[in-house]
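Trainee: Have a look at the structure that comes next, please.
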Amino acid sequence: MKLYAASSIFTIEMEITNLKRTPMEYMYMAHVNFRPVDNGRLVYSAHVTPETVKVRRSIPSHVKPGPGFVEYIEELAQHPEKHHVLKPGMPFDPEVVFFIDYLADAQGWAHTMQFHPDGTADYIRHKPAQLDKGVRWICRTPDQDAIGLVLPSTAEPEGYSAEKKKGNVKQLAGGDTYRCEFECGVLTEAETRKMEQTIAKING
């Protein structure tokens, strides 16, 4: 991780080397969490359709949904844009997960922001060429209040067997090295406005 003077954005880099002579399977998820803000607005470099912003319909065994949760998931499956403004009382309980097909800019970066009502924004950017699965996790309960704006990943979070079946478990040859990087932090009002324009340009 690198911190820079006079900057509220920091860089996280990871490098994994397979010290064996035979291939090694791997999956990786960068679980970067922010605090959701009431009436915060999510803006990110992806086309928003049911095919490109997919809500997870499967419910893990440890998740105990309350009344109306399944119906809410079905609504988001048809209209994923309905989660873009974090209105108080939205049923992100126990959790809602999205799988997002990100678009990158000319330098290879994909961008995600949570606008705060004061005009600043939480921010994260990653490179889909390195981390090709964009996962969003939202949990707003009496005990947990967190949002992974995007969890840049090499696989979705359904477990080894499911990801293996989907072809998402990657291999690193003996002696090879895998590298990835991403950046996160907070943007000023001016930086937020500029980034919104950048994202709009990427989305076309």
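Ordering of the structure tokens sets the chain letters (A, B, ...), residue numbers begin anew at 1 in every chain, and ligands are numbered from 1 in the order given.
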Determine, for each residue of stretch 22-50 of chain A having at least one atom at most 8 Å from an atom of stretch 145-159 of chain A, the closest pair of atoms and their separation in Å to one decimal, counting only C-alpha atoms; order by chain and ascending number, as a Markdown table.
Mentor:
| residue | atom | partner | partner_atom | distance |
| --- | --- | --- | --- | --- |
| A:Met27 | CA | A:Thr154 | CA | 5.7 |
| A:Tyr28 | CA | A:Thr154 | CA | 5.4 |
| A:Met29 | CA | A:Ser153 | CA | 4.2 |
| A:Ala30 | CA | A:Leu151 | CA | 5.3 |
| A:His31 | CA | A:Leu151 | CA | 5.2 |
| A:Val32 | CA | A:Gly148 | CA | 5.7 |
| A:Asn33 | CA | A:Gly148 | CA | 4.5 |
| A:Phe34 | CA | A:Ile147 | CA | 5.3 |
| A:Arg35 | CA | A:Ala146 | CA | 4.8 |
| A:Pro36 | CA | A:Ala146 | CA | 5.7 |
| A:Leu42 | CA | A:Leu149 | CA | 7.9 |
Trainee: Please dump the current selection as a PDB file, in the first residue's frame; keep C-alpha atoms.
Mentor:
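That gives us again.pdb:
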ATOM      1  CA  MET A  27      -9.190 -16.778  -6.475  1.00  0.00           C
ATOM      2  CA  TYR A  28      -8.865 -13.265  -5.046  1.00  0.00           C
ATOM      3  CA  MET A  29     -11.308 -10.607  -3.852  1.00  0.00           C
ATOM      4  CA  ALA A  30     -10.323  -7.126  -2.656  1.00  0.00           C
ATOM      5  CA  HIS A  31     -12.981  -6.579   0.029  1.00  0.00           C
ATOM      6  CA  VAL A  32     -12.804  -2.783   0.405  1.00  0.00           C
ATOM      7  CA  ASN A  33     -15.717  -1.497   2.502  1.00  0.00           C
ATOM      8  CA  PHE A  34     -17.068   2.030   2.916  1.00  0.00           C
ATOM      9  CA  ARG A  35     -19.819   3.361   5.182  1.00  0.00           C
ATOM     10  CA  PRO A  36     -23.100   3.813   3.284  1.00  0.00           C
ATOM     11  CA  LEU A  42     -23.789   5.303  -6.726  1.00  0.00           C
TER      12      LEU A  42
END
Trainee: Just give me the gap between atom CA of A:Thr49 and atom CA of A:His79 in Å, one decimal is fine.
Mentor: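 Computing the Euclidean distance for atom CA of A:Thr49 and atom CA of A:His79 yields 7.5 Å.
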Trainee: Which polymer residues have any atom within 10 Å of an atom of A:Arg41, counting only C-alpha atoms, with same-chain residues fewer than 5 positions away left out, as an mmCIF file with N, CA and C atoms, in the first residue's frame?
Mentor:
data_model
loop_
_atom_site.group_PDB
_atom_site.id
_atom_site.type_symbol
_atom_site.label_atom_id
_atom_site.label_comp_id
_atom_site.auth_asym_id
_atom_site.auth_seq_id
_atom_site.Cartn_x
_atom_site.Cartn_y
_atom_site.Cartn_z
ATOM 1 N N PRO A 36 -22.029 3.244 4.108
ATOM 2 C CA PRO A 36 -23.100 3.813 3.284
ATOM 3 C C PRO A 36 -23.589 5.140 3.870
ATOM 4 N N HIS A 83 -31.195 0.514 -6.991
ATOM 5 C CA HIS A 83 -30.341 0.539 -5.800
ATOM 6 C C HIS A 83 -29.337 1.694 -5.847
ATOM 7 N N HIS A 84 -29.429 2.548 -6.848
ATOM 8 C CA HIS A 84 -28.410 3.583 -7.034
ATOM 9 C C HIS A 84 -28.464 4.709 -6.013
ATOM 10 N N VAL A 85 -29.612 4.973 -5.431
ATOM 11 C CA VAL A 85 -29.719 5.970 -4.366
ATOM 12 C C VAL A 85 -30.042 5.228 -3.074
ATOM 13 N N LEU A 86 -29.178 5.375 -2.075
ATOM 14 C CA LEU A 86 -29.292 4.603 -0.839
ATOM 15 C C LEU A 86 -30.259 5.284 0.126
ATOM 16 N N LYS A 87 -31.524 5.161 -0.199
ATOM 17 C CA LYS A 87 -32.554 5.772 0.635
ATOM 18 C C LYS A 87 -32.675 5.030 1.963
ATOM 19 N N MET A 113 -18.012 5.436 -7.604
ATOM 20 C CA MET A 113 -18.136 6.471 -6.575
ATOM 21 C C MET A 113 -19.442 6.307 -5.800
ATOM 22 N N GLN A 114 -19.396 6.714 -4.535
ATOM 23 C CA GLN A 114 -20.597 6.976 -3.749
ATOM 24 C C GLN A 114 -20.641 8.470 -3.448
ATOM 25 N N PHE A 115 -21.543 9.173 -4.141
ATOM 26 C CA PHE A 115 -21.715 10.596 -3.890
ATOM 27 C C PHE A 115 -22.282 10.820 -2.500
ATOM 28 N N HIS A 116 -21.685 11.735 -1.750
ATOM 29 C CA HIS A 116 -22.256 12.182 -0.484
ATOM 30 C C HIS A 116 -23.138 13.404 -0.751
ATOM 31 N N PRO A 117 -24.135 13.638 0.085
ATOM 32 C CA PRO A 117 -24.977 14.826 -0.107
ATOM 33 C C PRO A 117 -24.204 16.139 -0.107
ATOM 34 N N ALA A 121 -17.161 12.460 -2.484
ATOM 35 C CA ALA A 121 -17.495 11.083 -2.839
ATOM 36 C C ALA A 121 -16.456 10.111 -2.314
#
Trainee: Name the residues in contact with A:Asp143 at a cut-off of 12 Å, using only C-alpha atoms, excluding same-chain residues fewer than 2 positions from it; report them as number ranges by chain.
Mentor: A: 93-95, 139-141, 145-146
Trainee: Run DSSP on the backbone and tell me which residues of stretch 2-75 of chain A come out as alpha helix (DSSP H); list them as a PDB file with C-alpha atoms, in the first residue's frame.
Mentor:
ATOM      1  CA  PHE A  69     -36.468  -9.759   0.882  1.00  0.00           C
ATOM      2  CA  VAL A  70     -36.956 -12.269  -1.929  1.00  0.00           C
ATOM      3  CA  GLU A  71     -39.455  -9.948  -3.631  1.00  0.00           C
ATOM      4  CA  TYR A  72     -36.971  -7.070  -3.355  1.00  0.00           C
ATOM      5  CA  ILE A  73     -34.250  -9.181  -4.973  1.00  0.00           C
ATOM      6  CA  GLU A  74     -36.584  -9.986  -7.869  1.00  0.00           C
ATOM      7  CA  GLU A  75     -37.343  -6.274  -8.303  1.00  0.00           C
TER       8      GLU A  75
END
Trainee: Using 8 Å as the limit and counting only C-alpha atoms, can you tabulate each residue of stretch 68-144 of chain A that touches stretch 175-189 of chain A, with its shortest atom-to-atom distance in Å and the two atoms involved, as a Markdown table?
Mentor:
| residue | atom | partner | partner_atom | distance |
| --- | --- | --- | --- | --- |
| A:Asp118 | CA | A:Glu189 | CA | 7.9 |
| A:Gly119 | CA | A:Glu189 | CA | 5.0 |
| A:Thr120 | CA | A:Glu189 | CA | 4.6 |
| A:Ala121 | CA | A:Leu187 | CA | 5.2 |
| A:Asp122 | CA | A:Val186 | CA | 4.6 |
| A:Tyr123 | CA | A:Cys184 | CA | 5.4 |
| A:Ile124 | CA | A:Cys184 | CA | 4.1 |
| A:Arg125 | CA | A:Glu183 | CA | 5.4 |
| A:His126 | CA | A:Phe182 | CA | 4.5 |
| A:Lys127 | CA | A:Phe182 | CA | 7.0 |
| A:Gln130 | CA | A:Cys180 | CA | 5.6 |
| A:Leu131 | CA | A:Cys180 | CA | 7.1 |
Trainee: Now that the selection is made, can you save its residues with N, CA and C atoms as a tab-separated table (two decimals), in the first residue's frame?
Mentor:
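Contents of result23.tsv, freshly written:
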chain	number	residue	atom	x	y	z
A	118	ASP	N	-22.99	16.17	0.50
A	118	ASP	CA	-22.21	17.41	0.52
A	118	ASP	C	-21.37	17.61	-0.74
A	119	GLY	N	-21.49	16.70	-1.71
A	119	GLY	CA	-20.78	16.87	-2.97
A	119	GLY	C	-19.46	16.13	-3.07
A	120	THR	N	-18.94	15.61	-1.96
A	120	THR	CA	-17.74	14.79	-2.02
A	120	THR	C	-18.14	13.35	-2.36
A	121	ALA	N	-17.16	12.46	-2.48
A	121	ALA	CA	-17.49	11.08	-2.84
A	121	ALA	C	-16.46	10.11	-2.31
A	122	ASP	N	-16.92	8.93	-1.91
A	122	ASP	CA	-16.03	7.80	-1.72
A	122	ASP	C	-15.68	7.27	-3.11
A	123	TYR	N	-14.49	6.72	-3.26
A	123	TYR	CA	-14.03	6.40	-4.61
A	123	TYR	C	-13.14	5.17	-4.60
A	124	ILE	N	-13.27	4.36	-5.65
A	124	ILE	CA	-12.36	3.25	-5.87
A	124	ILE	C	-12.23	3.02	-7.38
A	125	ARG	N	-11.03	2.70	-7.81
A	125	ARG	CA	-10.84	2.35	-9.21
A	125	ARG	C	-9.98	1.09	-9.29
A	126	HIS	N	-10.25	0.28	-10.32
A	126	HIS	CA	-9.51	-0.96	-10.51
A	126	HIS	C	-9.34	-1.22	-11.99
A	127	LYS	N	-8.53	-2.21	-12.33
A	127	LYS	CA	-8.28	-2.56	-13.72
A	127	LYS	C	-8.94	-3.90	-14.03
A	130	GLN	N	-6.94	-6.96	-14.84
A	130	GLN	CA	-6.31	-7.68	-13.74
A	130	GLN	C	-7.35	-8.36	-12.84
A	131	LEU	N	-8.43	-7.64	-12.59
A	131	LEU	CA	-9.50	-8.08	-11.69
A	131	LEU	C	-10.80	-7.98	-12.47
Trainee: Report, in Å with one decimal, the straight-line distance from atom CA of A:Lys165 to atom CA of A:Lys20.
Mentor: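 That distance, rounded to one decimal, is 24.5 Å.
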Trainee: Would you work out the distance separating atom CA of A:Val55 from atom CA of A:Phe99, expressed in Å to one decimal?
Mentor: 6.3 Å
Trainee: Based on the backbone DSSP call, show me all residues of stretch 3-201 of chain A assigned strand (DSSP E or B), as a PyMOL selection string.
Mentor: chain A and resi 9-17+24-26+29+34+41-44+53-55+85+96-100+110-115+121-126+133-140+145-153+170-172+177-187
Trainee: For A:Gln107, list every protein, DNA or RNA residue within 12 Å, evaluated using only C-alpha atoms, and leave out those in the same chain fewer than 3 positions away; present the list as a VMD selection string.
Mentor: chain A and resid 103 to 104 110 to 111 125 to 129 202
Trainee: Restrict the selected residues to N, CA and C atoms and save them as a PDB file, in the first residue's frame.
Mentor:
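So result.pdb came out as:
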ATOM      1  N   LEU A 103     -16.757  -1.270 -17.404  1.00  0.00           N
ATOM      2  CA  LEU A 103     -16.080  -0.690 -18.565  1.00  0.00           C
ATOM      3  C   LEU A 103     -14.878   0.104 -18.076  1.00  0.00           C
ATOM      4  N   ALA A 104     -13.813   0.095 -18.842  1.00  0.00           N
ATOM      5  CA  ALA A 104     -12.584   0.787 -18.453  1.00  0.00           C
ATOM      6  C   ALA A 104     -12.320   1.974 -19.368  1.00  0.00           C
ATOM      7  N   ALA A 110     -11.360   1.169 -14.343  1.00  0.00           N
ATOM      8  CA  ALA A 110     -12.807   1.263 -14.125  1.00  0.00           C
ATOM      9  C   ALA A 110     -13.033   2.031 -12.828  1.00  0.00           C
ATOM     10  N   HIS A 111     -14.122   2.812 -12.762  1.00  0.00           N
ATOM     11  CA  HIS A 111     -14.305   3.765 -11.665  1.00  0.00           C
ATOM     12  C   HIS A 111     -15.654   3.564 -10.967  1.00  0.00           C
ATOM     13  N   ARG A 125     -11.032   2.700  -7.809  1.00  0.00           N
ATOM     14  CA  ARG A 125     -10.845   2.349  -9.211  1.00  0.00           C
ATOM     15  C   ARG A 125      -9.976   1.095  -9.294  1.00  0.00           C
ATOM     16  N   HIS A 126     -10.249   0.276 -10.322  1.00  0.00           N
ATOM     17  CA  HIS A 126      -9.508  -0.961 -10.508  1.00  0.00           C
ATOM     18  C   HIS A 126      -9.342  -1.225 -11.993  1.00  0.00           C
ATOM     19  N   LYS A 127      -8.530  -2.205 -12.328  1.00  0.00           N
ATOM     20  CA  LYS A 127      -8.279  -2.557 -13.721  1.00  0.00           C
ATOM     21  C   LYS A 127      -8.941  -3.901 -14.034  1.00  0.00           C
ATOM     22  N   PRO A 128     -10.014  -3.896 -14.829  1.00  0.00           N
ATOM     23  CA  PRO A 128     -10.674  -5.161 -15.176  1.00  0.00           C
ATOM     24  C   PRO A 128      -9.750  -6.157 -15.871  1.00  0.00           C
ATOM     25  N   ALA A 129      -8.682  -5.700 -16.512  1.00  0.00           N
ATOM     26  CA  ALA A 129      -7.742  -6.632 -17.127  1.00  0.00           C
ATOM     27  C   ALA A 129      -7.036  -7.478 -16.070  1.00  0.00           C
ATOM     28  N   ILE A 202     -17.081   7.377 -20.371  1.00  0.00           N
ATOM     29  CA  ILE A 202     -16.836   5.943 -20.556  1.00  0.00           C
ATOM     30  C   ILE A 202     -18.130   5.223 -20.902  1.00  0.00           C
TER      31      ILE A 202
END
Trainee: Determine the nearest neighbour of A:Pro142 from the options A:Asn203, A:Glu196, A:Pro91, A:Ser58, counting only C-alpha atoms.
Mentor: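 Using only C-alpha atoms, A:Pro142 sits closest to A:Pro91.
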Trainee: Calculated over only C-alpha atoms, which of the candidates A:Lys133, A:Tyr44, A:Tyr102, A:Val37 has the smallest distance to A:Pro88?
Mentor: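 Ranked by minimum distance to A:Pro88, first place goes to A:Val37.
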Trainee: For A:Ile100, which residue among A:Gln171, A:Ser45, A:Ser61, A:Thr52 is the nearest when counting only C-alpha atoms?
Mentor: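 Closest residue, counting only C-alpha atoms: A:Thr52.
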